[in-house]
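Source file: final32.cif. Holds: mmCIF, N, CA and C atoms and all ligand atoms.
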data_run
#
loop_
_atom_site.label_atom_id
_atom_site.label_comp_id
_atom_site.auth_asym_id
_atom_site.auth_seq_id
_atom_site.Cartn_x
_atom_site.Cartn_y
_atom_site.Cartn_z
N MET A 1 0.86 -1.21 0.00
CA MET A 1 0.00 0.00 0.00
C MET A 1 0.88 1.25 0.00
N GLU A 2 0.52 2.20 -0.84
CA GLU A 2 1.29 3.44 -0.86
C GLU A 2 0.52 4.56 -0.16
N TYR A 3 1.21 5.65 0.02
CA TYR A 3 0.70 6.70 0.89
C TYR A 3 0.72 8.03 0.13
N ARG A 4 -0.25 8.90 0.42
CA ARG A 4 -0.27 10.22 -0.21
C ARG A 4 -0.40 11.30 0.85
N LEU A 5 0.34 12.36 0.65
CA LEU A 5 0.28 13.52 1.55
C LEU A 5 0.11 14.77 0.71
N ILE A 6 -0.83 15.61 1.09
CA ILE A 6 -1.05 16.89 0.39
C ILE A 6 -0.97 18.00 1.44
N TYR A 7 -0.18 19.03 1.14
CA TYR A 7 -0.08 20.16 2.09
C TYR A 7 -0.05 21.46 1.31
N CYS A 8 -0.21 22.56 2.02
CA CYS A 8 0.08 23.85 1.42
C CYS A 8 0.94 24.65 2.39
N SER A 9 1.65 25.66 1.88
CA SER A 9 2.53 26.48 2.73
C SER A 9 2.70 27.86 2.10
N ARG A 10 3.25 28.76 2.89
CA ARG A 10 3.50 30.12 2.37
C ARG A 10 4.91 30.22 1.79
N ASN A 11 5.02 30.92 0.70
CA ASN A 11 6.34 31.17 0.11
C ASN A 11 7.13 32.14 0.98
N ARG A 12 8.38 31.82 1.25
CA ARG A 12 9.29 32.72 1.98
C ARG A 12 10.49 33.13 1.13
N ILE A 13 10.46 32.80 -0.15
CA ILE A 13 11.57 33.18 -1.03
C ILE A 13 11.37 34.64 -1.41
N GLU A 14 12.42 35.45 -1.20
CA GLU A 14 12.30 36.87 -1.51
C GLU A 14 13.10 37.22 -2.75
N GLY A 15 12.85 38.41 -3.30
CA GLY A 15 13.63 38.89 -4.43
C GLY A 15 12.78 39.10 -5.66
N SER A 16 13.48 39.34 -6.76
CA SER A 16 12.78 39.60 -8.03
C SER A 16 12.15 38.31 -8.52
N GLU A 17 11.28 38.46 -9.51
CA GLU A 17 10.65 37.27 -10.11
C GLU A 17 11.72 36.30 -10.58
N GLN A 18 12.82 36.87 -11.11
CA GLN A 18 13.86 35.99 -11.64
C GLN A 18 14.61 35.26 -10.53
N GLN A 19 14.88 35.99 -9.43
CA GLN A 19 15.57 35.33 -8.30
C GLN A 19 14.71 34.21 -7.73
N ILE A 20 13.41 34.46 -7.70
CA ILE A 20 12.50 33.42 -7.19
C ILE A 20 12.51 32.22 -8.14
N ALA A 21 12.49 32.50 -9.42
CA ALA A 21 12.50 31.40 -10.41
C ALA A 21 13.76 30.54 -10.27
N VAL A 22 14.90 31.19 -9.98
CA VAL A 22 16.16 30.46 -9.81
C VAL A 22 16.06 29.52 -8.60
N GLU A 23 15.47 30.03 -7.53
CA GLU A 23 15.35 29.24 -6.31
C GLU A 23 14.38 28.06 -6.51
N ILE A 24 13.31 28.30 -7.24
CA ILE A 24 12.35 27.22 -7.54
C ILE A 24 13.06 26.13 -8.35
N GLU A 25 13.90 26.56 -9.28
CA GLU A 25 14.64 25.60 -10.10
C GLU A 25 15.52 24.72 -9.22
N LYS A 26 16.14 25.33 -8.18
CA LYS A 26 16.98 24.55 -7.25
C LYS A 26 16.13 23.54 -6.48
N ILE A 27 14.95 23.98 -6.04
CA ILE A 27 14.05 23.07 -5.31
C ILE A 27 13.69 21.89 -6.20
N LEU A 28 13.39 22.17 -7.47
CA LEU A 28 12.97 21.10 -8.38
C LEU A 28 14.12 20.15 -8.68
N LEU A 29 15.34 20.68 -8.79
CA LEU A 29 16.50 19.81 -9.03
C LEU A 29 16.70 18.86 -7.87
N SER A 30 16.69 19.39 -6.63
CA SER A 30 16.84 18.54 -5.45
C SER A 30 15.71 17.53 -5.38
N SER A 31 14.47 18.02 -5.63
CA SER A 31 13.30 17.16 -5.50
C SER A 31 13.39 15.99 -6.46
N ARG A 32 13.71 16.30 -7.71
CA ARG A 32 13.70 15.25 -8.72
C ARG A 32 14.78 14.23 -8.43
N ARG A 33 15.94 14.68 -7.96
CA ARG A 33 17.02 13.75 -7.63
C ARG A 33 16.65 12.90 -6.42
N ASN A 34 16.26 13.55 -5.33
CA ASN A 34 15.97 12.80 -4.09
C ASN A 34 14.74 11.92 -4.23
N ASN A 35 13.70 12.45 -4.86
CA ASN A 35 12.45 11.69 -4.93
C ASN A 35 12.62 10.41 -5.75
N GLU A 36 13.40 10.53 -6.82
CA GLU A 36 13.63 9.34 -7.64
C GLU A 36 14.31 8.26 -6.80
N GLN A 37 15.30 8.67 -6.00
CA GLN A 37 16.00 7.70 -5.14
C GLN A 37 15.07 7.08 -4.10
N GLN A 38 14.09 7.86 -3.65
CA GLN A 38 13.22 7.41 -2.55
C GLN A 38 11.91 6.82 -3.05
N ASN A 39 11.78 6.66 -4.39
CA ASN A 39 10.54 6.13 -4.96
C ASN A 39 9.32 7.02 -4.64
N ILE A 40 9.58 8.33 -4.58
CA ILE A 40 8.50 9.30 -4.35
C ILE A 40 8.15 9.97 -5.68
N THR A 41 6.86 10.16 -5.92
CA THR A 41 6.41 10.94 -7.07
C THR A 41 5.45 12.02 -6.57
N GLY A 42 5.11 12.97 -7.47
CA GLY A 42 4.19 14.00 -7.01
C GLY A 42 4.20 15.22 -7.90
N ALA A 43 3.62 16.29 -7.37
CA ALA A 43 3.51 17.52 -8.14
C ALA A 43 3.50 18.72 -7.19
N LEU A 44 4.10 19.80 -7.66
CA LEU A 44 4.21 21.04 -6.87
C LEU A 44 3.50 22.17 -7.62
N LEU A 45 2.69 22.89 -6.87
CA LEU A 45 1.96 24.03 -7.42
C LEU A 45 2.48 25.28 -6.72
N PHE A 46 2.75 26.35 -7.49
CA PHE A 46 3.28 27.58 -6.90
C PHE A 46 2.62 28.77 -7.59
N ASN A 47 2.13 29.72 -6.80
CA ASN A 47 1.48 30.88 -7.44
C ASN A 47 2.16 32.20 -7.07
N GLY A 48 3.39 32.10 -6.54
CA GLY A 48 4.09 33.32 -6.13
C GLY A 48 3.94 33.58 -4.65
N LEU A 49 2.77 33.30 -4.10
CA LEU A 49 2.52 33.54 -2.68
C LEU A 49 2.56 32.26 -1.87
N ALA A 50 2.09 31.19 -2.46
CA ALA A 50 1.93 29.94 -1.71
C ALA A 50 2.32 28.74 -2.55
N PHE A 51 2.62 27.65 -1.83
CA PHE A 51 2.87 26.36 -2.48
C PHE A 51 1.75 25.39 -2.09
N ALA A 52 1.48 24.43 -2.96
CA ALA A 52 0.71 23.26 -2.57
C ALA A 52 1.40 22.09 -3.26
N GLN A 53 1.50 20.98 -2.55
CA GLN A 53 2.27 19.86 -3.10
C GLN A 53 1.60 18.54 -2.76
N VAL A 54 1.65 17.63 -3.72
CA VAL A 54 1.19 16.25 -3.52
C VAL A 54 2.44 15.37 -3.53
N LEU A 55 2.60 14.55 -2.49
CA LEU A 55 3.72 13.61 -2.40
C LEU A 55 3.13 12.21 -2.29
N GLU A 56 3.59 11.26 -3.11
CA GLU A 56 3.09 9.89 -3.04
C GLU A 56 4.26 8.92 -3.05
N GLY A 57 4.09 7.79 -2.31
CA GLY A 57 5.14 6.79 -2.24
C GLY A 57 5.08 6.03 -0.94
N PRO A 58 6.18 5.35 -0.57
CA PRO A 58 6.21 4.64 0.70
C PRO A 58 6.01 5.62 1.86
N ARG A 59 5.17 5.26 2.81
CA ARG A 59 4.80 6.20 3.88
C ARG A 59 6.00 6.80 4.60
N SER A 60 6.97 5.96 4.97
CA SER A 60 8.10 6.47 5.76
C SER A 60 8.90 7.50 4.95
N ALA A 61 9.06 7.25 3.65
CA ALA A 61 9.83 8.17 2.80
C ALA A 61 9.07 9.49 2.63
N VAL A 62 7.75 9.39 2.44
CA VAL A 62 6.93 10.60 2.25
C VAL A 62 6.97 11.43 3.53
N GLU A 63 6.85 10.77 4.68
CA GLU A 63 6.85 11.53 5.95
C GLU A 63 8.21 12.18 6.19
N ALA A 64 9.28 11.47 5.83
CA ALA A 64 10.62 12.03 6.05
C ALA A 64 10.83 13.27 5.17
N ILE A 65 10.40 13.21 3.92
CA ILE A 65 10.64 14.36 3.04
C ILE A 65 9.74 15.52 3.46
N TYR A 66 8.55 15.22 3.93
CA TYR A 66 7.67 16.31 4.39
C TYR A 66 8.29 17.00 5.62
N ALA A 67 8.90 16.24 6.51
CA ALA A 67 9.56 16.85 7.68
C ALA A 67 10.68 17.78 7.22
N THR A 68 11.43 17.35 6.22
CA THR A 68 12.51 18.20 5.67
C THR A 68 11.94 19.48 5.08
N ILE A 69 10.85 19.35 4.31
CA ILE A 69 10.24 20.52 3.67
C ILE A 69 9.75 21.51 4.74
N CYS A 70 9.15 20.98 5.81
CA CYS A 70 8.63 21.87 6.88
C CYS A 70 9.75 22.69 7.51
N GLU A 71 10.96 22.13 7.53
CA GLU A 71 12.10 22.85 8.12
C GLU A 71 12.80 23.76 7.12
N ASP A 72 12.39 23.72 5.88
CA ASP A 72 13.05 24.51 4.84
C ASP A 72 12.57 25.96 4.95
N SER A 73 13.52 26.89 5.11
CA SER A 73 13.15 28.30 5.34
C SER A 73 12.58 28.97 4.09
N ARG A 74 12.55 28.27 2.98
CA ARG A 74 11.94 28.84 1.76
C ARG A 74 10.42 28.75 1.81
N ASN A 75 9.90 28.03 2.81
CA ASN A 75 8.45 28.06 3.04
C ASN A 75 8.15 28.04 4.53
N SER A 76 6.90 28.38 4.90
CA SER A 76 6.50 28.39 6.31
C SER A 76 5.00 28.13 6.41
N HIS A 77 4.53 28.02 7.64
CA HIS A 77 3.10 27.81 7.88
C HIS A 77 2.55 26.61 7.11
N ASN A 78 3.29 25.52 7.13
CA ASN A 78 2.83 24.33 6.40
C ASN A 78 1.56 23.78 7.04
N VAL A 79 0.56 23.55 6.20
CA VAL A 79 -0.72 23.01 6.68
C VAL A 79 -0.98 21.69 5.96
N LEU A 80 -1.14 20.62 6.73
CA LEU A 80 -1.47 19.32 6.14
C LEU A 80 -2.92 19.36 5.68
N LEU A 81 -3.16 19.03 4.43
CA LEU A 81 -4.52 19.04 3.89
C LEU A 81 -5.14 17.66 3.87
N GLU A 82 -4.31 16.65 3.58
CA GLU A 82 -4.82 15.29 3.48
C GLU A 82 -3.67 14.30 3.60
N THR A 83 -3.89 13.19 4.32
CA THR A 83 -2.92 12.09 4.34
C THR A 83 -3.71 10.79 4.30
N GLY A 84 -3.12 9.76 3.69
CA GLY A 84 -3.80 8.47 3.72
C GLY A 84 -3.25 7.52 2.67
N ASP A 85 -3.66 6.25 2.78
CA ASP A 85 -3.22 5.23 1.84
C ASP A 85 -3.92 5.41 0.50
N ILE A 86 -3.22 5.06 -0.56
CA ILE A 86 -3.80 5.11 -1.91
C ILE A 86 -3.51 3.77 -2.60
N THR A 87 -4.37 3.42 -3.55
CA THR A 87 -4.13 2.17 -4.28
C THR A 87 -3.39 2.45 -5.59
N LYS A 88 -3.46 3.70 -6.04
CA LYS A 88 -2.84 4.03 -7.33
C LYS A 88 -2.27 5.44 -7.27
N ARG A 89 -1.08 5.62 -7.83
CA ARG A 89 -0.48 6.96 -7.88
C ARG A 89 -1.10 7.79 -9.01
N ASP A 90 -1.28 9.07 -8.79
CA ASP A 90 -1.74 9.97 -9.86
C ASP A 90 -0.58 10.56 -10.66
N PHE A 91 0.64 10.53 -10.08
CA PHE A 91 1.79 11.18 -10.73
C PHE A 91 2.93 10.18 -10.91
N ALA A 92 2.54 8.92 -11.26
CA ALA A 92 3.52 7.82 -11.31
C ALA A 92 4.71 8.14 -12.21
N ARG A 93 4.50 8.98 -13.23
CA ARG A 93 5.60 9.26 -14.17
C ARG A 93 6.38 10.51 -13.79
N TRP A 94 6.08 11.13 -12.66
CA TRP A 94 6.68 12.42 -12.34
C TRP A 94 7.40 12.38 -10.99
N SER A 95 8.73 12.52 -10.99
CA SER A 95 9.44 12.60 -9.71
C SER A 95 9.04 13.90 -9.01
N MET A 96 8.75 14.96 -9.78
CA MET A 96 8.09 16.14 -9.23
C MET A 96 7.62 17.03 -10.39
N ALA A 97 6.34 16.88 -10.74
CA ALA A 97 5.76 17.76 -11.76
C ALA A 97 5.65 19.16 -11.15
N TYR A 98 5.62 20.17 -12.00
CA TYR A 98 5.59 21.54 -11.48
C TYR A 98 4.65 22.40 -12.29
N SER A 99 3.83 23.18 -11.59
CA SER A 99 3.02 24.20 -12.24
C SER A 99 3.24 25.52 -11.52
N GLY A 100 3.79 26.49 -12.23
CA GLY A 100 4.16 27.77 -11.62
C GLY A 100 3.30 28.91 -12.10
N PRO A 101 3.58 30.13 -11.63
CA PRO A 101 2.76 31.29 -11.95
C PRO A 101 2.73 31.61 -13.45
N ASP A 102 3.75 31.17 -14.19
CA ASP A 102 3.81 31.51 -15.60
C ASP A 102 3.04 30.51 -16.48
N ASN A 103 2.53 29.43 -15.90
CA ASN A 103 1.60 28.63 -16.71
C ASN A 103 0.26 28.52 -15.96
N ASP A 104 -0.11 27.33 -15.52
CA ASP A 104 -1.46 27.22 -14.95
C ASP A 104 -1.54 27.62 -13.47
N GLY A 105 -0.42 28.06 -12.92
CA GLY A 105 -0.43 28.46 -11.52
C GLY A 105 -1.46 29.53 -11.22
N LYS A 106 -1.78 30.34 -12.21
CA LYS A 106 -2.74 31.42 -11.97
C LYS A 106 -4.12 30.90 -11.56
N LEU A 107 -4.41 29.67 -11.97
CA LEU A 107 -5.67 29.05 -11.56
C LEU A 107 -5.74 28.89 -10.05
N TYR A 108 -4.59 28.91 -9.44
CA TYR A 108 -4.49 28.60 -8.01
C TYR A 108 -4.69 29.82 -7.14
N GLN A 109 -4.78 31.00 -7.76
CA GLN A 109 -4.81 32.23 -6.98
C GLN A 109 -5.98 32.32 -6.01
N HIS A 110 -7.05 31.58 -6.29
CA HIS A 110 -8.21 31.65 -5.40
C HIS A 110 -8.12 30.68 -4.23
N LEU A 111 -7.07 29.86 -4.23
CA LEU A 111 -6.89 28.95 -3.09
C LEU A 111 -6.15 29.68 -1.99
N LYS A 112 -6.85 30.28 -1.09
CA LYS A 112 -6.23 31.06 -0.02
C LYS A 112 -5.85 30.15 1.14
N LEU A 113 -4.81 30.54 1.88
CA LEU A 113 -4.40 29.71 3.02
C LEU A 113 -5.47 29.66 4.10
N THR A 114 -6.29 30.70 4.19
CA THR A 114 -7.38 30.67 5.18
C THR A 114 -8.34 29.52 4.83
N ASP A 115 -8.56 29.30 3.50
CA ASP A 115 -9.40 28.17 3.11
C ASP A 115 -8.77 26.85 3.57
N CYS A 116 -7.41 26.80 3.49
CA CYS A 116 -6.72 25.57 3.88
C CYS A 116 -7.09 25.19 5.30
N GLU A 117 -7.13 26.18 6.18
CA GLU A 117 -7.42 25.87 7.58
C GLU A 117 -8.89 25.55 7.79
N LYS A 118 -9.76 26.22 7.04
CA LYS A 118 -11.20 26.01 7.24
C LYS A 118 -11.72 24.76 6.55
N ASP A 119 -11.18 24.48 5.38
CA ASP A 119 -11.75 23.40 4.56
C ASP A 119 -10.63 22.60 3.92
N ALA A 120 -9.82 21.92 4.77
CA ALA A 120 -8.64 21.22 4.28
C ALA A 120 -8.99 20.20 3.20
N SER A 121 -10.01 19.40 3.40
CA SER A 121 -10.27 18.33 2.43
C SER A 121 -10.79 18.91 1.12
N GLY A 122 -11.55 20.01 1.19
CA GLY A 122 -12.01 20.66 -0.03
C GLY A 122 -10.85 21.22 -0.83
N VAL A 123 -9.90 21.86 -0.13
CA VAL A 123 -8.73 22.43 -0.81
C VAL A 123 -7.86 21.30 -1.37
N ALA A 124 -7.71 20.22 -0.59
CA ALA A 124 -6.90 19.08 -1.05
C ALA A 124 -7.45 18.55 -2.37
N LYS A 125 -8.77 18.44 -2.45
CA LYS A 125 -9.39 17.92 -3.67
C LYS A 125 -9.14 18.86 -4.85
N ARG A 126 -9.26 20.18 -4.61
CA ARG A 126 -9.05 21.13 -5.70
C ARG A 126 -7.60 21.14 -6.16
N VAL A 127 -6.67 21.04 -5.20
CA VAL A 127 -5.24 21.00 -5.54
C VAL A 127 -4.96 19.76 -6.39
N LEU A 128 -5.47 18.62 -5.95
CA LEU A 128 -5.23 17.37 -6.65
C LEU A 128 -5.84 17.42 -8.06
N ASP A 129 -7.08 17.88 -8.17
CA ASP A 129 -7.73 17.95 -9.48
C ASP A 129 -6.97 18.88 -10.42
N LEU A 130 -6.54 20.01 -9.87
CA LEU A 130 -5.82 20.98 -10.70
C LEU A 130 -4.49 20.40 -11.19
N LEU A 131 -3.72 19.80 -10.27
CA LEU A 131 -2.42 19.25 -10.67
C LEU A 131 -2.58 18.08 -11.64
N LYS A 132 -3.61 17.26 -11.43
CA LYS A 132 -3.85 16.15 -12.35
C LYS A 132 -4.17 16.67 -13.75
N SER A 133 -4.98 17.75 -13.81
CA SER A 133 -5.34 18.28 -15.13
C SER A 133 -4.12 18.87 -15.82
N VAL A 134 -3.23 19.50 -15.04
CA VAL A 134 -2.00 20.08 -15.63
C VAL A 134 -1.12 18.97 -16.19
N VAL A 135 -0.93 17.92 -15.38
CA VAL A 135 -0.05 16.82 -15.77
C VAL A 135 -0.61 16.07 -16.98
N HIS A 136 -1.92 15.82 -16.95
CA HIS A 136 -2.50 15.05 -18.04
C HIS A 136 -2.48 15.81 -19.36
N ALA A 137 -2.44 17.15 -19.27
CA ALA A 137 -2.32 17.96 -20.49
C ALA A 137 -0.96 17.75 -21.15
N HIS A 138 0.01 17.19 -20.39
CA HIS A 138 1.36 17.00 -20.92
C HIS A 138 1.61 15.59 -21.43
N VAL A 139 0.64 14.69 -21.24
CA VAL A 139 0.88 13.29 -21.61
C VAL A 139 0.91 13.14 -23.13
C1 LIG B 1 7.89 24.03 -1.29
C2 LIG B 1 9.05 23.07 -1.25
C3 LIG B 1 8.89 21.77 -1.76
C4 LIG B 1 9.95 20.87 -1.72
N1 LIG B 1 9.76 19.60 -2.21
C5 LIG B 1 10.76 18.69 -2.12
C6 LIG B 1 10.59 17.35 -2.58
O1 LIG B 1 9.54 16.95 -3.08
N2 LIG B 1 11.67 16.51 -2.48
C7 LIG B 1 12.85 16.90 -1.95
O2 LIG B 1 13.78 16.09 -1.88
N3 LIG B 1 13.05 18.16 -1.50
C8 LIG B 1 12.04 19.05 -1.58
N4 LIG B 1 12.23 20.35 -1.14
C9 LIG B 1 13.60 20.74 -0.70
C10 LIG B 1 13.91 20.25 0.68
O3 LIG B 1 13.32 21.11 1.64
C11 LIG B 1 15.44 20.21 0.90
O4 LIG B 1 16.00 21.46 0.62
C12 LIG B 1 16.12 19.19 0.00
O5 LIG B 1 15.45 17.94 0.09
C13 LIG B 1 17.57 19.04 0.41
O6 LIG B 1 18.14 18.08 -0.42
P1 LIG B 1 19.55 18.30 -1.15
O7 LIG B 1 20.53 18.61 -0.05
O8 LIG B 1 19.80 16.98 -1.82
O9 LIG B 1 19.39 19.42 -2.13
C14 LIG B 1 11.18 21.27 -1.15
C15 LIG B 1 11.32 22.56 -0.64
C16 LIG B 1 10.28 23.46 -0.69
C17 LIG B 1 10.46 24.84 -0.12
#

Write the structure described by the file as structure tokens, please.
Amino acid sequence: MEYRLIYCSRNRIEGSEQQIAVEIEKILLSSRRNNEQQNITGALLFNGLAFAQVLEGPRSAVEAIYATICEDSRNSHNVLLETGDITKRDFARWSMAYSGPDNDGKLYQHLKLTDCEKDASGVAKRVLDLLKSVVHAHV
């Protein structure tokens, strides 16, 4: 049985749009390298203000990487939206798919962090549906 974790957090990366893009690129490089080694797949959504991420794989590996992310000063106020066992991965082909502000990330602008606290499972479903639609557009 595999495990899925969905969270959202606030962006703490400062600087120009370009400096932020450079830092996101570093996050994606680390993610793709580490996740592949750990049999983790998933997708990251970023809209400039906030992140939302789906992580899937062996439970212990997913929990360990989430703990690392929570300690990463490039984000804060991490809110768990959903955790649980899954029978099938949605991002099996992606060590870390990415949707940023310059493509479909703008769709995410209405997902406020206040919603995350009030309606975690509703936000989790919207994040998952959005990321699945982005990824499937690339198949
Ligand atoms: C929003 C966000 C998402 C991240 N997602 C991942 C991830 O999926 N996998 C990962 O290994 N690191 C991820 N990181 C980076 C980790 O916090 C950490 O910097 C990295 O795992 C360190 O590995 P490295 O020393 O191999 O670069 C993320 C960081 C942030 C801010």

Handout entry: Within 9 Å of ligand LIG 1 (chain B) (only C-alpha atoms and all ligand atoms), residues as a ChimeraX atom specification
Key = /A:8-13,24,26-36,38,40-46,50-55,62,65-76,95-96

Atom C of Val22 of chain A to atom N of Leu131 of chain A measures 22.1 Å

Next item on the list: Kindly indicate which residue among A:Lys132, A:Gly48, A:Gln18, A:Glu25 lies nearest to Trp94 of chain A, using only C-alpha atoms for the distances.
Entry: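 Between A:Lys132, A:Gly48, A:Gln18, A:Glu25, the residue approaching Trp94 of chain A most closely is A:Lys132.
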
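Atom CA of Leu80 of chain A is positioned 12.4 Å from atom CA of Val127 of chain A.
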
**Gap from atom N of His138 of chain A to atom C of Ser16 of chain A - Å, one decimal** =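 Calculated distance between atom N of His138 of chain A and atom C of Ser16 of chain A is 27.1 Å.
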
Pick out each residue of chain A that DSSP on the backbone tags as helix (DSSP H, G or I); I need them as a count of residues only. 64

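Minimum distance to Ala61 of chain A across A:Asp90, A:Gly100, A:Arg126, A:Asn39 (counting only N, CA and C atoms) occurs at A:Asn39.
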
Surrounding residues of Ala124 of chain A excluding itself and chain neighbours under 5 positions, 7 Å, all atoms listed in the file, as a list in words: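 In the requested form, the answer reads Ile6, Leu81, Glu82, Asp119 and Asp129 of chain A.
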
Could you go through segment 1-136 of chain A and tell me which residues DSSP, when run on the backbone, assigns to strand (DSSP E or B), listing them as a PyMOL selection string?
chain A and resi 2-11+41-46+50-57+75-86+97-99
